[in-house]
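Visitor: Have a look at this one before I ask anything.
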Amino acid sequence: MTRVNTILRADALDALSDAVLVTDPLGRVRHVNPAFTAATGYTLGEVLDQDSTALIGIGALSEADRAAIRAEIAAGGTWHGEVWLSRRDGTRFLARCQASHMPGDHTLGVFRDITEFRKRAEAARSSAASFRTLIEGSPDGIAVHRDQRFVYVNPSFLRALGHTAPEGVVGASLLDVFHPDDRAGVVALVASEEAHPAVEKRLLRRDGSVVQAEIVSLPVVFDGESAVVLMVRDLTARRALDTRMREMDRMVSIGTLASGIAHEINTPIQFVGDSAHFLQGAMTDLLGLLEDYRGLRQLAAAGGWAPEVVAQLLAKEDDVDAEYLAENCPKAITRTLDGVSRVATIVRALKEFGHPGQTELGPADLNQAILNTVTVARNEWKYVAEVETELGPLPRVLCHVGSLNQVLLNLIVNAAHAIGDVVGNTGRKGTIKVRSEVSGTDVHISVEDTGSGIPEAVRPRIFDPFFTTKEVGRGTGQGLAIARSIVVEKHGGALSFETELGVGTTFHVRLPVGAA
């Protein structure tokens, strides 16, 4: 599974052609993508755990300005600016930077080399024609409007809106290309004569579809008159990548349990088969005995009586052990029905657990989701723990139940691993308790284990992406980071934990009942 998860992470990061740098809350490098290594000459091994400030220079900013940038990113905002990136050979290059918050208080930096762009811009200042050539080659959409009507659009902007010629947009109202629910915010944005940082708005394509885009507004002088330029970056690919990354991680979770689920199904199927073979032999013996009794009945009906025939029947009863069959055939039937029921329960739980995640919120029975997840994860916990469920009455919760199944699976599997580290091969078992209840306007789900607890030194990092205390091949460091992202960002809830060394750990999931 390590190889699978490595491929997933590479797919997620390598999908961006821009250089990517992931840093932890202390500013240390946690990951870089191939585009970063190609641009700087550094390998991941050379920069891993290094202070990122040795690679990035953001100009002559005061410490107060730097602190404000860090606070903005930590609060979930996005910082845009120009930075200098250092190469391995000691040279530097200018890059456009977009820094944003990631789960676990990590920071994602996306860099695009603008050295040549800047050189071309400087050279084009003296020529409006040269400047237009420059912006027409920009991969980002650029549009100029005056009095809220477009006077210029570049090819990238046209492609983003599904147009092939400027005539379809130039002269049109600015508001026509924005989603109706976003138009009021756009009016406020362009009414100001000052530059605005990036905001996310929805654009309407020519065919009526919606494009999620990042918009930067800047006042300029265009063709000798005041105007406003909009710089537009299509976020569709990035959003799709994020969704695909979550779904792939969820399917990997199911894949991790596949062999265990096969074993869980095989066991009841085996004793169903054994019981069926027993019943097959029993029916052969009983049908033979029944045939002999019919012969005796016919003899008695004819007025004859043969004591030797009765003796033969009694001997045959002893031979087939009729009393044993009478006692054990019902038990075999019960075992068969139990086995079939067990298989049906596992298959139903797996089907509901693995159902593709819906794109919209929907009402769900979280108690049933808990029972399904406990069933699916049984092979992970049954050798090291007993699972106890205390499920209180819950209202149906508006949520993405497929994503929450993934959260519950991660918590239960982690609990089983924590207990397994304590009991080892002693044959002893710990306890996993899963509880649910209504707490105010929230649904509260807790997963408690009797493992060893979380060491104090690593507690601040357990929700960090790629951080794990497990050995290679057993953990990827993604489970809790994705779980927190699903609970907090996707559902507006909270994920927290309590732990005590030598006693165990309890994770708490709180979800608003009404809506995310």
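Naming works like this for the structure tokens: A, B, ... for the chains as they're shown, residue 1 at the start of each chain, ligands 1 onward in shown order.
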What's around A:Val110 at 7 Å? Count only C-alpha atoms, leave out sequence neighbours fewer than 3 positions away in its own chain, and write the answer as a list in words.
Guide: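 Counting only C-alpha atoms, the residues come to Asp18, Ala19, Val20, Leu21, Cys97, Gln98 and Ala99 of chain A.
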Visitor: Within stretch 69-236 of chain A, find each residue whose DSSP state, derived from the backbone, is helix (DSSP H, G or I), and express the selection as a short mmCIF file (atom, residue, chain, number, x, y, z; two decimals) with C-alpha atoms, in the first residue's frame.
Guide:
```cif
data_model
loop_
_atom_site.label_atom_id
_atom_site.label_comp_id
_atom_site.auth_asym_id
_atom_site.auth_seq_id
_atom_site.Cartn_x
_atom_site.Cartn_y
_atom_site.Cartn_z
CA ILE A 69 1.50 37.55 5.86
CA ARG A 70 1.89 34.46 8.05
CA ALA A 71 -1.25 35.38 10.03
CA GLU A 72 -3.25 35.91 6.83
CA ILE A 73 -2.26 32.47 5.52
CA ALA A 74 -2.91 30.77 8.89
CA PRO A 103 -4.68 21.16 6.79
CA GLY A 104 -2.44 20.81 9.82
CA ASP A 105 -1.31 24.48 9.63
CA THR A 115 12.03 36.22 -14.83
CA GLU A 116 11.45 36.30 -18.56
CA PHE A 117 7.99 37.77 -18.04
CA ARG A 118 9.51 40.66 -16.10
CA LYS A 119 12.20 41.25 -18.70
CA ARG A 120 9.62 41.34 -21.43
CA ALA A 121 7.40 43.67 -19.40
CA GLU A 122 10.23 46.13 -18.86
CA ALA A 123 11.03 46.10 -22.55
CA ALA A 124 7.38 46.57 -23.49
CA ALA A 128 1.66 49.49 -26.30
CA ALA A 129 1.77 46.99 -29.11
CA SER A 130 4.54 45.03 -27.41
CA PHE A 131 2.58 45.10 -24.16
CA ARG A 132 -0.48 43.63 -25.85
CA THR A 133 1.68 40.88 -27.32
CA LEU A 134 2.85 40.09 -23.82
CA ILE A 135 -0.56 39.84 -22.19
CA GLU A 136 -2.03 37.94 -25.11
CA PRO A 155 -7.12 34.78 -25.69
CA SER A 156 -6.88 33.03 -22.31
CA PHE A 157 -9.87 35.00 -21.02
CA LEU A 158 -11.84 34.10 -24.14
CA ARG A 159 -11.03 30.41 -23.72
CA ALA A 160 -12.08 30.51 -20.08
CA LEU A 161 -15.51 31.79 -21.16
CA PRO A 166 -13.15 38.99 -28.99
CA GLU A 167 -16.34 40.29 -30.60
CA GLY A 168 -18.37 37.98 -28.36
CA LEU A 174 -18.81 43.23 -17.12
CA LEU A 175 -21.57 41.72 -14.98
CA ASP A 176 -22.82 39.47 -17.79
CA VAL A 177 -19.85 37.10 -17.37
CA PRO A 180 -25.83 36.23 -10.65
CA ASP A 181 -25.11 35.49 -6.97
CA ASP A 182 -21.62 37.04 -7.28
CA ARG A 183 -22.53 40.21 -9.16
CA ALA A 184 -23.09 42.39 -6.09
CA GLY A 185 -19.60 41.58 -4.85
CA VAL A 186 -18.13 42.31 -8.28
CA VAL A 187 -19.74 45.77 -8.33
CA ALA A 188 -18.15 46.57 -4.97
CA LEU A 189 -14.82 45.23 -6.22
CA VAL A 190 -14.61 47.37 -9.35
CA ALA A 191 -16.09 50.49 -7.74
CA THR A 236 -11.39 24.29 -12.12
#
```
Visitor: For A:Ile419, which residue among A:Gly41, A:Gly504, A:Gly492, A:Gly81 is the nearest when counting only C-alpha atoms?
Guide: A:Gly504
Visitor: What's around A:Val401 at 8 Å? Count only C-alpha atoms, leave out sequence neighbours fewer than 2 positions away in its own chain, and write the answer as a ChimeraX atom specification.
Guide: /A:357,362,364,366,369,399,403-405
Visitor: Those same residues, written as a JSON list (two decimals), in the first residue's frame with N, CA, C and O atoms?
Guide:
```json
[["chain", "number", "residue", "atom", "x", "y", "z"],
["A", 357, "GLY", "N", -19.09, 9.12, -3.21],
["A", 357, "GLY", "CA", -19.49, 10.30, -2.45],
["A", 357, "GLY", "C", -20.36, 11.24, -3.26],
["A", 357, "GLY", "O", -20.05, 11.53, -4.41],
["A", 362, "GLY", "N", -26.54, 15.62, 1.85],
["A", 362, "GLY", "CA", -27.77, 14.85, 1.93],
["A", 362, "GLY", "C", -27.98, 14.34, 3.33],
["A", 362, "GLY", "O", -27.02, 14.13, 4.08],
["A", 364, "ALA", "N", -28.40, 11.83, 6.36],
["A", 364, "ALA", "CA", -27.82, 10.50, 6.54],
["A", 364, "ALA", "C", -28.00, 10.03, 7.98],
["A", 364, "ALA", "O", -28.06, 10.83, 8.91],
["A", 366, "LEU", "N", -26.17, 8.56, 10.76],
["A", 366, "LEU", "CA", -24.77, 8.37, 11.15],
["A", 366, "LEU", "C", -24.58, 7.14, 12.03],
["A", 366, "LEU", "O", -23.48, 6.55, 12.04],
["A", 369, "ALA", "N", -24.01, 4.50, 9.63],
["A", 369, "ALA", "CA", -22.67, 4.67, 9.06],
["A", 369, "ALA", "C", -21.61, 4.12, 10.01],
["A", 369, "ALA", "O", -20.63, 3.49, 9.58],
["A", 399, "CYS", "N", -25.10, 15.88, 5.45],
["A", 399, "CYS", "CA", -23.65, 15.68, 5.35],
["A", 399, "CYS", "C", -23.31, 14.94, 4.06],
["A", 399, "CYS", "O", -24.18, 14.54, 3.29],
["A", 403, "SER", "N", -17.79, 10.64, 2.77],
["A", 403, "SER", "CA", -16.58, 11.23, 3.34],
["A", 403, "SER", "C", -16.49, 10.95, 4.83],
["A", 403, "SER", "O", -15.41, 10.67, 5.36],
["A", 404, "LEU", "N", -17.62, 10.99, 5.54],
["A", 404, "LEU", "CA", -17.61, 10.71, 6.97],
["A", 404, "LEU", "C", -17.31, 9.24, 7.25],
["A", 404, "LEU", "O", -16.69, 8.91, 8.27],
["A", 405, "ASN", "N", -17.73, 8.33, 6.36],
["A", 405, "ASN", "CA", -17.32, 6.94, 6.49],
["A", 405, "ASN", "C", -15.81, 6.82, 6.50],
["A", 405, "ASN", "O", -15.22, 6.05, 7.26]]
```
Visitor: Find the residues near A:Gly281: any atom within 10 Å, counting only C-alpha atoms, skip ones fewer than 5 places away on the same chain, and give them as an MDAnalysis selection string.
Guide: chainID A and resid 276 286 325
Visitor: From the list A:Ile370, A:Ala67, A:Val487, A:Ala418, which residue is nearest A:His400 when using only C-alpha atoms?
Guide: A:Val487
Visitor: Would you list, as number ranges by chain, the residues of stretch 31-205 of chain A that end up in strand (DSSP E) under DSSP run on this structure's backbone?
Guide: A: 31-32, 56-57, 78-86, 92-102, 106-113, 141-146, 149-153, 196-204
Visitor: Which residues are close to A:Val169, i.e. within 8 Å by only C-alpha atoms, leaving aside same-chain residues fewer than 6 positions away? Reply as number ranges by chain.
Guide: A: 150, 153, 158, 163
Visitor: Find the residues around stretch 457-460 of chain A up to 12 Å (only C-alpha atoms counted), leave out those fewer than 6 positions away in its own chain, and share them as an MDAnalysis selection string.
Guide: chainID A and resid 24:26 104:105 467:469 496:501 505
